[in-house]
>>> print(open('structure.cif').read())   # mmCIF, C-alpha atoms and all ligand atoms
data_input
#
loop_
_atom_site.group_PDB
_atom_site.id
_atom_site.type_symbol
_atom_site.label_atom_id
_atom_site.label_comp_id
_atom_site.auth_asym_id
_atom_site.auth_seq_id
_atom_site.Cartn_x
_atom_site.Cartn_y
_atom_site.Cartn_z
ATOM 1 C CA MET A 1 16.302 10.055 10.358
ATOM 2 C CA ARG A 2 15.661 13.790 10.904
ATOM 3 C CA LEU A 3 14.593 16.062 8.074
ATOM 4 C CA SER A 4 17.441 17.917 6.437
ATOM 5 C CA ARG A 5 17.199 21.719 6.357
ATOM 6 C CA ARG A 6 16.385 21.611 2.633
ATOM 7 C CA GLY A 7 13.750 18.968 3.225
ATOM 8 C CA LEU A 8 12.205 20.950 6.056
ATOM 9 C CA VAL A 9 11.932 24.038 3.854
ATOM 10 C CA ALA A 10 10.356 21.954 1.083
ATOM 11 C CA LEU A 11 7.912 20.447 3.542
ATOM 12 C CA LEU A 12 6.932 23.835 4.958
ATOM 13 C CA LEU A 13 6.380 25.188 1.462
ATOM 14 C CA ALA A 14 4.169 22.212 0.728
ATOM 15 C CA LEU A 15 1.926 22.727 3.752
ATOM 16 C CA PRO A 16 -1.425 24.214 2.793
ATOM 17 C CA PHE A 17 -1.697 26.534 5.774
ATOM 18 C CA SER A 18 1.957 27.447 6.174
ATOM 19 C CA CYS A 19 2.656 30.630 8.106
ATOM 20 C CA ALA A 20 5.306 31.631 5.535
ATOM 21 C CA ALA A 21 5.170 35.198 4.169
ATOM 22 C CA SER A 22 2.184 35.567 1.855
ATOM 23 C CA GLU A 23 4.065 36.753 -1.271
ATOM 24 C CA ALA A 24 6.219 33.623 -1.365
ATOM 25 C CA THR A 25 3.373 31.250 -0.512
ATOM 26 C CA PRO A 26 2.765 28.779 -3.338
ATOM 27 C CA PRO A 27 -0.787 27.849 -4.270
ATOM 28 C CA ALA A 28 -2.397 25.342 -1.893
ATOM 29 C CA PRO A 29 -1.802 21.768 -3.015
ATOM 30 C CA GLN A 30 -4.598 20.117 -4.938
ATOM 31 C CA ALA A 31 -6.639 17.677 -2.942
ATOM 32 C CA CYS A 32 -6.496 14.169 -4.372
ATOM 33 C CA LYS A 33 -9.802 12.708 -5.518
ATOM 34 C CA ASP A 34 -11.095 9.159 -5.216
ATOM 35 C CA ASP A 35 -11.176 8.729 -8.990
ATOM 36 C CA ALA A 36 -7.574 9.984 -9.469
ATOM 37 C CA GLY A 37 -5.306 8.273 -11.998
ATOM 38 C CA TRP A 38 -2.580 5.855 -10.889
ATOM 39 C CA ASN A 39 0.156 8.294 -11.954
ATOM 40 C CA ASP A 40 -1.431 11.567 -10.809
ATOM 41 C CA PRO A 41 1.166 13.272 -8.573
ATOM 42 C CA ALA A 42 0.293 13.752 -4.907
ATOM 43 C CA GLN A 43 1.912 15.927 -2.254
ATOM 44 C CA PRO A 44 3.904 13.758 0.153
ATOM 45 C CA LEU A 45 2.579 14.101 3.680
ATOM 46 C CA LYS A 46 2.898 12.873 7.208
ATOM 47 C CA ILE A 47 0.340 10.254 8.208
ATOM 48 C CA HIS A 48 1.370 9.944 11.867
ATOM 49 C CA GLY A 49 4.733 10.051 13.653
ATOM 50 C CA ASN A 50 7.321 8.377 11.433
ATOM 51 C CA THR A 51 4.767 7.170 8.840
ATOM 52 C CA TRP A 52 4.585 9.167 5.590
ATOM 53 C CA PHE A 53 2.494 9.002 2.427
ATOM 54 C CA VAL A 54 4.829 9.100 -0.604
ATOM 55 C CA GLY A 55 2.566 7.630 -3.295
ATOM 56 C CA THR A 56 0.413 9.176 -6.006
ATOM 57 C CA CYS A 57 -3.221 10.289 -5.779
ATOM 58 C CA GLY A 58 -4.368 6.923 -7.157
ATOM 59 C CA ILE A 59 -1.868 4.457 -5.647
ATOM 60 C CA SER A 60 -0.426 4.384 -2.122
ATOM 61 C CA ALA A 61 3.219 4.072 -1.148
ATOM 62 C CA VAL A 62 4.145 4.429 2.510
ATOM 63 C CA LEU A 63 7.508 5.307 4.022
ATOM 64 C CA ILE A 64 8.252 4.426 7.650
ATOM 65 C CA THR A 65 11.405 6.130 8.887
ATOM 66 C CA SER A 66 13.992 5.509 11.596
ATOM 67 C CA ASP A 67 17.484 6.645 12.503
ATOM 68 C CA ALA A 68 18.733 3.196 11.447
ATOM 69 C CA GLY A 69 17.119 3.286 7.972
ATOM 70 C CA HIS A 70 13.689 3.351 6.385
ATOM 71 C CA VAL A 71 11.090 0.922 5.078
ATOM 72 C CA LEU A 72 9.058 1.570 1.921
ATOM 73 C CA ILE A 73 5.830 -0.314 1.264
ATOM 74 C CA ASP A 74 4.751 -0.566 -2.391
ATOM 75 C CA GLY A 75 6.275 0.688 -5.605
ATOM 76 C CA GLY A 76 3.343 2.018 -7.625
ATOM 77 C CA THR A 77 3.450 1.617 -11.388
ATOM 78 C CA GLU A 78 6.610 1.654 -13.476
ATOM 79 C CA LYS A 79 6.012 5.383 -14.109
ATOM 80 C CA GLY A 80 4.947 6.043 -10.534
ATOM 81 C CA ALA A 81 8.351 5.004 -9.124
ATOM 82 C CA THR A 82 9.816 8.368 -10.188
ATOM 83 C CA LEU A 83 7.059 10.213 -8.332
ATOM 84 C CA ILE A 84 7.627 8.101 -5.205
ATOM 85 C CA LEU A 85 11.354 8.876 -5.246
ATOM 86 C CA ALA A 86 10.636 12.601 -5.712
ATOM 87 C CA ASN A 87 8.207 12.524 -2.783
ATOM 88 C CA ILE A 88 10.779 10.840 -0.521
ATOM 89 C CA ARG A 89 13.303 13.558 -1.415
ATOM 90 C CA THR A 90 10.747 16.381 -0.969
ATOM 91 C CA LEU A 91 10.222 15.216 2.607
ATOM 92 C CA GLY A 92 13.989 15.552 3.137
ATOM 93 C CA PHE A 93 14.789 11.844 3.240
ATOM 94 C CA ASP A 94 17.462 10.145 1.151
ATOM 95 C CA PRO A 95 16.204 7.195 -0.933
ATOM 96 C CA ARG A 96 19.535 5.454 -0.227
ATOM 97 C CA ASP A 97 18.488 5.238 3.445
ATOM 98 C CA VAL A 98 15.586 2.944 2.454
ATOM 99 C CA LYS A 99 16.796 -0.481 3.631
ATOM 100 C CA LEU A 100 13.754 -2.648 2.909
ATOM 101 C CA ILE A 101 11.064 -2.505 0.245
ATOM 102 C CA LEU A 102 7.823 -4.405 0.922
ATOM 103 C CA ASN A 103 4.745 -5.003 -1.216
ATOM 104 C CA SER A 104 0.989 -5.393 -0.788
ATOM 105 C CA HIS A 105 0.471 -7.556 -3.875
ATOM 106 C CA GLU A 106 2.086 -8.573 -7.118
ATOM 107 C CA HIS A 107 0.008 -6.558 -9.630
ATOM 108 C CA HIS A 108 1.459 -3.931 -11.969
ATOM 109 C CA ASP A 109 -0.164 -0.980 -10.166
ATOM 110 C CA HIS A 110 1.646 -1.779 -6.881
ATOM 111 C CA ALA A 111 4.705 -3.734 -8.027
ATOM 112 C CA GLY A 112 5.542 -2.201 -11.436
ATOM 113 C CA GLY A 113 7.873 0.342 -9.818
ATOM 114 C CA LEU A 114 9.688 -2.042 -7.454
ATOM 115 C CA ALA A 115 12.642 -2.777 -9.771
ATOM 116 C CA ALA A 116 13.346 0.940 -10.324
ATOM 117 C CA LEU A 117 12.976 1.682 -6.621
ATOM 118 C CA GLN A 118 15.345 -1.131 -5.735
ATOM 119 C CA GLN A 119 17.870 0.284 -8.174
ATOM 120 C CA ALA A 120 17.583 3.800 -6.716
ATOM 121 C CA THR A 121 17.719 2.720 -3.080
ATOM 122 C CA GLY A 122 19.840 -0.444 -3.048
ATOM 123 C CA ALA A 123 17.219 -2.010 -0.738
ATOM 124 C CA ASP A 124 16.249 -5.670 -0.556
ATOM 125 C CA VAL A 125 12.703 -6.448 -1.675
ATOM 126 C CA VAL A 126 11.073 -8.739 0.909
ATOM 127 C CA VAL A 127 7.867 -10.551 -0.128
ATOM 128 C CA ARG A 128 5.901 -13.755 0.460
ATOM 129 C CA ALA A 129 6.586 -16.767 -1.763
ATOM 130 C CA PRO A 130 3.800 -16.312 -4.367
ATOM 131 C CA THR A 131 4.872 -12.703 -4.948
ATOM 132 C CA LEU A 132 8.534 -13.673 -5.052
ATOM 133 C CA THR A 133 7.869 -16.089 -7.932
ATOM 134 C CA VAL A 134 6.006 -13.398 -9.899
ATOM 135 C CA LEU A 135 8.594 -10.649 -9.321
ATOM 136 C CA ALA A 136 11.486 -12.973 -10.200
ATOM 137 C CA ARG A 137 10.031 -13.817 -13.623
ATOM 138 C CA GLY A 138 7.982 -10.644 -14.237
ATOM 139 C CA LYS A 139 4.713 -12.516 -14.832
ATOM 140 C CA SER A 140 1.761 -13.916 -12.901
ATOM 141 C CA ASP A 141 0.196 -17.325 -13.599
ATOM 142 C CA ARG A 142 -3.270 -18.918 -13.585
ATOM 143 C CA SER A 143 -3.320 -19.049 -9.784
ATOM 144 C CA ASP A 144 -4.118 -15.318 -9.910
ATOM 145 C CA PRO A 145 -7.834 -14.604 -10.449
ATOM 146 C CA GLN A 146 -6.942 -11.665 -12.740
ATOM 147 C CA PHE A 147 -4.192 -13.491 -14.667
ATOM 148 C CA LEU A 148 -5.484 -12.773 -18.201
ATOM 149 C CA ASP A 149 -5.849 -9.039 -17.508
ATOM 150 C CA LEU A 150 -2.477 -8.411 -15.863
ATOM 151 C CA ASN A 151 0.494 -6.618 -17.394
ATOM 152 C CA SER A 152 3.984 -8.046 -17.082
ATOM 153 C CA LEU A 153 6.365 -6.455 -14.562
ATOM 154 C CA PRO A 154 10.005 -5.387 -14.623
ATOM 155 C CA VAL A 155 11.923 -8.283 -13.056
ATOM 156 C CA VAL A 156 13.219 -7.658 -9.515
ATOM 157 C CA SER A 157 16.633 -9.145 -8.906
ATOM 158 C CA ARG A 158 17.360 -9.158 -5.170
ATOM 159 C CA LEU A 159 14.418 -10.781 -3.415
ATOM 160 C CA ARG A 160 14.037 -12.211 0.067
ATOM 161 C CA ALA A 161 11.252 -14.567 1.128
ATOM 162 C CA LEU A 162 8.970 -13.646 3.972
ATOM 163 C CA ALA A 163 6.791 -15.874 6.195
ATOM 164 C CA ASP A 164 3.298 -15.166 7.490
ATOM 165 C CA GLY A 165 3.599 -13.521 10.910
ATOM 166 C CA GLU A 166 7.255 -12.594 10.419
ATOM 167 C CA ILE A 167 8.430 -9.399 12.091
ATOM 168 C CA LEU A 168 10.926 -7.224 10.247
ATOM 169 C CA GLU A 169 13.122 -4.968 12.358
ATOM 170 C CA ILE A 170 15.280 -1.972 11.517
ATOM 171 C CA GLY A 171 16.501 -0.079 14.586
ATOM 172 C CA ARG A 172 13.340 0.610 16.577
ATOM 173 C CA LEU A 173 10.998 -0.124 13.670
ATOM 174 C CA ARG A 174 9.038 -3.356 13.910
ATOM 175 C CA LEU A 175 6.676 -4.306 11.105
ATOM 176 C CA LYS A 176 4.590 -7.459 11.144
ATOM 177 C CA ALA A 177 3.628 -9.288 7.945
ATOM 178 C CA HIS A 178 0.165 -10.861 7.651
ATOM 179 C CA ALA A 179 -0.573 -13.258 4.786
ATOM 180 C CA THR A 180 -3.805 -11.990 3.220
ATOM 181 C CA PRO A 181 -4.252 -13.876 -0.078
ATOM 182 C CA GLY A 182 -7.495 -13.554 -2.023
ATOM 183 C CA HIS A 183 -7.350 -10.534 -4.285
ATOM 184 C CA SER A 184 -4.036 -12.095 -5.391
ATOM 185 C CA PRO A 185 -2.131 -15.192 -4.189
ATOM 186 C CA GLY A 186 0.718 -13.126 -2.685
ATOM 187 C CA GLY A 187 -1.452 -10.565 -0.897
ATOM 188 C CA THR A 188 0.246 -9.306 2.272
ATOM 189 C CA SER A 189 -0.841 -6.756 4.879
ATOM 190 C CA TRP A 190 1.381 -4.922 7.337
ATOM 191 C CA THR A 191 0.971 -3.574 10.865
ATOM 192 C CA TRP A 192 3.223 -1.385 12.997
ATOM 193 C CA THR A 193 3.028 1.314 15.652
ATOM 194 C CA SER A 194 3.910 4.960 15.050
ATOM 195 C CA CYS A 195 4.151 7.514 17.850
ATOM 196 C CA GLU A 196 4.105 11.287 18.094
ATOM 197 C CA GLY A 197 5.365 11.827 21.618
ATOM 198 C CA SER A 198 3.103 9.641 23.732
ATOM 199 C CA ASP A 199 0.358 9.524 21.048
ATOM 200 C CA CYS A 200 0.947 6.036 19.605
ATOM 201 C CA ARG A 201 -1.264 4.593 16.871
ATOM 202 C CA GLY A 202 -1.506 1.100 15.457
ATOM 203 C CA ILE A 203 -1.204 1.515 11.691
ATOM 204 C CA ALA A 204 -2.560 -1.189 9.394
ATOM 205 C CA TYR A 205 -1.664 -1.162 5.705
ATOM 206 C CA VAL A 206 -4.174 -3.706 4.499
ATOM 207 C CA ASP A 207 -4.014 -5.194 1.032
ATOM 208 C CA SER A 208 -6.756 -4.955 -1.601
ATOM 209 C CA LEU A 209 -9.658 -7.290 -0.796
ATOM 210 C CA SER A 210 -11.725 -7.020 -3.976
ATOM 211 C CA SER A 211 -12.897 -10.337 -5.461
ATOM 212 C CA ILE A 212 -12.498 -9.467 -9.126
ATOM 213 C CA SER A 213 -11.151 -11.665 -11.897
ATOM 214 C CA ASP A 214 -10.657 -12.062 -15.615
ATOM 215 C CA LYS A 215 -13.562 -13.570 -17.512
ATOM 216 C CA GLN A 216 -12.366 -17.193 -17.284
ATOM 217 C CA TYR A 217 -11.834 -17.458 -13.524
ATOM 218 C CA ARG A 218 -14.473 -18.527 -11.009
ATOM 219 C CA TYR A 219 -13.729 -18.453 -7.281
ATOM 220 C CA SER A 220 -16.186 -21.301 -6.810
ATOM 221 C CA ASP A 221 -13.933 -23.560 -8.940
ATOM 222 C CA HIS A 222 -11.083 -23.110 -6.412
ATOM 223 C CA PRO A 223 -12.365 -24.128 -2.955
ATOM 224 C CA GLU A 224 -8.937 -23.993 -1.281
ATOM 225 C CA TYR A 225 -8.237 -20.513 -2.594
ATOM 226 C CA LEU A 226 -11.716 -19.412 -1.569
ATOM 227 C CA ALA A 227 -11.181 -20.789 1.945
ATOM 228 C CA ALA A 228 -7.894 -18.862 2.170
ATOM 229 C CA PHE A 229 -9.708 -15.708 1.034
ATOM 230 C CA ARG A 230 -12.309 -16.175 3.788
ATOM 231 C CA ARG A 231 -9.506 -16.654 6.350
ATOM 232 C CA THR A 232 -7.942 -13.426 5.077
ATOM 233 C CA LEU A 233 -11.124 -11.504 5.816
ATOM 234 C CA LYS A 234 -11.143 -12.868 9.383
ATOM 235 C CA THR A 235 -7.465 -11.941 9.775
ATOM 236 C CA VAL A 236 -8.073 -8.385 8.570
ATOM 237 C CA ALA A 237 -11.053 -7.869 10.886
ATOM 238 C CA ALA A 238 -8.831 -8.745 13.883
ATOM 239 C CA LEU A 239 -5.773 -6.594 13.022
ATOM 240 C CA PRO A 240 -4.565 -3.869 15.387
ATOM 241 C CA CYS A 241 -5.932 -0.983 13.391
ATOM 242 C CA ASP A 242 -6.248 2.541 14.771
ATOM 243 C CA VAL A 243 -5.421 3.893 11.319
ATOM 244 C CA LEU A 244 -6.393 1.942 8.188
ATOM 245 C CA LEU A 245 -4.386 2.543 5.011
ATOM 246 C CA THR A 246 -4.982 0.736 1.714
ATOM 247 C CA PRO A 247 -2.994 0.299 -1.545
ATOM 248 C CA HIS A 248 -5.769 2.122 -3.423
ATOM 249 C CA PRO A 249 -6.509 5.216 -1.295
ATOM 250 C CA SER A 250 -10.128 5.237 -2.473
ATOM 251 C CA ALA A 251 -10.724 1.732 -1.021
ATOM 252 C CA SER A 252 -10.686 3.177 2.502
ATOM 253 C CA ALA A 253 -11.650 6.813 1.771
ATOM 254 C CA MET A 254 -8.088 7.883 2.618
ATOM 255 C CA TRP A 255 -8.440 11.286 0.936
ATOM 256 C CA SER A 256 -11.314 12.176 3.236
ATOM 257 C CA ARG A 257 -8.928 11.491 6.161
ATOM 258 C CA LEU A 258 -5.566 12.733 4.817
ATOM 259 C CA GLY A 259 -4.149 15.710 2.964
ATOM 260 C CA ALA A 260 -5.586 18.930 1.602
ATOM 261 C CA GLY A 261 -9.209 17.771 1.225
ATOM 262 C CA ALA A 262 -9.535 15.861 4.501
ATOM 263 C CA THR A 263 -12.753 16.377 6.433
ATOM 264 C CA ASP A 264 -12.815 13.207 8.564
ATOM 265 C CA PRO A 265 -10.532 12.079 11.407
ATOM 266 C CA LEU A 266 -7.537 9.963 10.393
ATOM 267 C CA ALA A 267 -8.267 7.241 12.941
ATOM 268 C CA GLU A 268 -11.396 5.192 12.369
ATOM 269 C CA PRO A 269 -12.759 2.953 15.074
ATOM 270 C CA ASP A 270 -13.470 -0.406 13.425
ATOM 271 C CA GLY A 271 -11.792 0.644 10.141
ATOM 272 C CA CYS A 272 -10.363 -2.835 9.476
ATOM 273 C CA LYS A 273 -13.548 -4.610 10.615
ATOM 274 C CA THR A 274 -15.677 -2.532 8.257
ATOM 275 C CA TYR A 275 -13.205 -2.959 5.389
ATOM 276 C CA ALA A 276 -13.279 -6.760 5.862
ATOM 277 C CA ALA A 277 -17.076 -6.902 6.269
ATOM 278 C CA ASN A 278 -17.625 -4.943 3.038
ATOM 279 C CA ALA A 279 -15.201 -7.258 1.229
ATOM 280 C CA MET A 280 -17.076 -10.304 2.587
ATOM 281 C CA ASP A 281 -20.364 -8.895 1.248
ATOM 282 C CA ARG A 282 -18.787 -8.398 -2.166
ATOM 283 C CA LEU A 283 -17.297 -11.913 -2.142
ATOM 284 C CA GLU A 284 -20.670 -13.463 -1.275
ATOM 285 C CA ALA A 285 -22.337 -11.412 -4.034
ATOM 286 C CA ARG A 286 -19.690 -12.567 -6.464
ATOM 287 C CA LEU A 287 -20.220 -16.248 -5.506
ATOM 288 C CA ALA A 288 -23.987 -15.872 -5.875
ATOM 289 C CA GLU A 289 -23.426 -14.415 -9.337
ATOM 290 C CA GLU A 290 -21.166 -17.352 -10.301
ATOM 291 C CA HIS A 291 -23.834 -19.735 -9.023
ATOM 292 C CA ARG A 292 -26.553 -18.045 -11.085
ATOM 293 C CA ALA A 293 -24.360 -18.087 -14.201
ATOM 294 C CA LYS A 294 -23.640 -21.818 -13.763
ATOM 295 C CA ALA A 295 -27.343 -22.573 -13.294
ATOM 296 C CA LYS A 296 -28.274 -20.904 -16.599
ATOM 297 C CA PRO A 297 -29.266 -23.430 -19.262
HETATM 298 ZN ZN ZN B 301 -4.556 -5.764 -7.678
#
>>> encode(input="structure.cif", output="structure tokens")
Amino acid sequence: MRLSRRGLVALLLALPFSCAASEATPPAPQACKDDAGWNDPAQPLKIHGNTWFVGTCGISAVLITSDAGHVLIDGGTEKGATLILANIRTLGFDPRDVKLILNSHEHHDHAGGLAALQQATGADVVVRAPTLTVLARGKSDRSDPQFLDLNSLPVVSRLRALADGEILEIGRLRLKAHATPGHSPGGTSWTWTSCEGSDCRGIAYVDSLSSISDKQYRYSDHPEYLAAFRRTLKTVAALPCDVLLTPHPSASAMWSRLGAGATDPLAEPDGCKTYAANAMDRLEARLAEEHRAKAKP
């Protein structure tokens, strides 16, 4: 899908170093910061080729476009959905051309906006089974380490189940789903290739990997879940991953690589490997802490 004339003008006005006449030049967009709020507005921007950032400063949402329709990954919070829709329009795309909505995981900061986005786009929401159960009833259960701390979600009505390793296709777009449970039972990561001319990059949108929980849950009480979490970290380390993107931009220093404040290159050699290795260190530290707490008299 090409940018409309209005969208192109909006995009040019949004560029920080636009060559537009100085009198009409708006102030440079604010750089997003790592500690930004979930609903702090962000400028939409191109990541690479047909991959666009349409989220907020604190929560990612990614649009992948094609002439046959678009794919949106993640819905932000309930409030954030409006900002995501505005960002899609600012780039010159029509939300009604979004044909599929995907999700990283079933928590309110990434799935709270899915119902509103489905309503605005008419798209199917395609998720793995544990997420499907949560979105269909608007609530998590005790299988989620953070269960007691989670908000309920607006129920999503039209849901399709997705298998690990499944490839979703729209026109020339091909996105592969990777089951990455651990942070939540339904955790899912996505990989695809985006090209600018002959410059093609493997993009990996990798789910949150933090081993946090409410105060009742212990990972060490759930050996099967823990084993799945460890498998997730191996999966992530092996993903095709020229460009790492994460549902919380701060988790992979995205604002140092994207947008107005970027100082580092977008592509990171070993981005996914490092992300997984750091998560493994945190998981081991968490297990050691649980062990110490259990050993206390
Ligand atoms: Zn989460």
>>> residues_near_ligand(input="structure.cif", ligand="ligand ZN 301 (chain B)", cutoff="12 Å", atoms="only C-alpha atoms and all ligand atoms", output="ChimeraX atom specification")
/A:59,74,76-77,103-112,140,144-147,149-151,181-188,207-214,246-248,251
>>> resolve_selection(input="structure.cif", expression="the PyMOL selection byres (((chain A and resi 205) around 8) and not hetatm)", output="tab-separated table (two decimals) with C-alpha atoms, in the frame of the given file")
chain	number	residue	atom	x	y	z
A	189	SER	CA	-0.84	-6.76	4.88
A	190	TRP	CA	1.38	-4.92	7.34
A	191	THR	CA	0.97	-3.57	10.86
A	203	ILE	CA	-1.20	1.52	11.69
A	204	ALA	CA	-2.56	-1.19	9.39
A	206	VAL	CA	-4.17	-3.71	4.50
A	207	ASP	CA	-4.01	-5.19	1.03
A	244	LEU	CA	-6.39	1.94	8.19
A	245	LEU	CA	-4.39	2.54	5.01
A	246	THR	CA	-4.98	0.74	1.71
A	247	PRO	CA	-2.99	0.30	-1.54
>>> closest_residue(input="structure.cif", among="A:Gly197, A:Pro44, A:Pro249, A:Pro240", to="Asp270 (chain A)", atoms="all atoms listed in the file")
A:Pro240
>>> atom_distance(input="structure.cif", atom1="CA of Gly113 (chain A)", atom2="CA of Asp35 (chain A)")
20.8 Å
>>> closest_residue(input="structure.cif", among="A:Ile170, A:Ala42, A:Cys241, A:Leu226", to="Gly202 (chain A)", atoms="only C-alpha atoms")
A:Cys241
>>> closest_residue(input="structure.cif", among="A:Ala81, A:Leu148, A:Ala260, A:Ala277", to="Lys234 (chain A)", atoms="all atoms listed in the file")
A:Ala277
>>> atom_distance(input="structure.cif", atom1="CA of Ala86 (chain A)", atom2="CA of Gln43 (chain A)")
10.0 Å
>>> closest_residue(input="structure.cif", among="A:Ile101, A:Asp242, A:Glu290, A:Ser66", to="Ala267 (chain A)", atoms="all atoms listed in the file")
A:Asp242
>>> atom_distance(input="structure.cif", atom1="CA of Asp97 (chain A)", atom2="CA of Ala179 (chain A)")
26.6 Å
>>> build_atoms(input="structure.cif", residues="region 28-45 of chain A", atoms="N, CA and C atoms", output="compact mmCIF listing (two decimals), keeping the file's coordinate frame")
# COMPACT_ATOMS: atom_id res chain seq x y z
N ALA A 28 -2.12 26.52 -2.74
CA ALA A 28 -2.40 25.34 -1.89
C ALA A 28 -2.38 24.09 -2.75
N PRO A 29 -1.84 23.00 -2.22
CA PRO A 29 -1.80 21.77 -3.02
C PRO A 29 -3.21 21.28 -3.34
N GLN A 30 -3.31 20.67 -4.51
CA GLN A 30 -4.60 20.12 -4.94
C GLN A 30 -4.95 18.92 -4.06
N ALA A 31 -6.20 18.87 -3.66
CA ALA A 31 -6.64 17.68 -2.94
C ALA A 31 -6.76 16.53 -3.93
N CYS A 32 -6.33 15.35 -3.52
CA CYS A 32 -6.50 14.17 -4.37
C CYS A 32 -7.95 13.73 -4.33
N LYS A 33 -8.41 13.17 -5.46
CA LYS A 33 -9.80 12.71 -5.52
C LYS A 33 -9.83 11.18 -5.61
N ASP A 34 -10.95 10.62 -5.21
CA ASP A 34 -11.10 9.16 -5.22
C ASP A 34 -10.92 8.55 -6.61
N ASP A 35 -11.28 9.31 -7.65
CA ASP A 35 -11.18 8.73 -8.99
C ASP A 35 -9.87 9.13 -9.69
N ALA A 36 -8.85 9.53 -8.90
CA ALA A 36 -7.57 9.98 -9.47
C ALA A 36 -6.89 8.85 -10.24
N GLY A 37 -6.06 9.25 -11.22
CA GLY A 37 -5.31 8.27 -12.00
C GLY A 37 -4.14 7.71 -11.19
N TRP A 38 -3.67 6.53 -11.61
CA TRP A 38 -2.58 5.86 -10.89
C TRP A 38 -1.30 6.70 -10.85
N ASN A 39 -1.09 7.52 -11.89
CA ASN A 39 0.16 8.29 -11.95
C ASN A 39 -0.08 9.79 -11.74
N ASP A 40 -1.20 10.15 -11.13
CA ASP A 40 -1.43 11.57 -10.81
C ASP A 40 -0.59 11.94 -9.58
N PRO A 41 0.28 12.94 -9.70
CA PRO A 41 1.17 13.27 -8.57
C PRO A 41 0.38 13.72 -7.34
N ALA A 42 0.88 13.32 -6.19
CA ALA A 42 0.29 13.75 -4.91
C ALA A 42 1.38 14.43 -4.08
N GLN A 43 0.98 15.35 -3.23
CA GLN A 43 1.91 15.93 -2.25
C GLN A 43 2.28 14.84 -1.25
N PRO A 44 3.58 14.69 -0.94
CA PRO A 44 3.90 13.76 0.15
C PRO A 44 3.42 14.36 1.47
N LEU A 45 3.05 13.54 2.41
CA LEU A 45 2.58 14.10 3.68
C LEU A 45 2.76 13.12 4.83
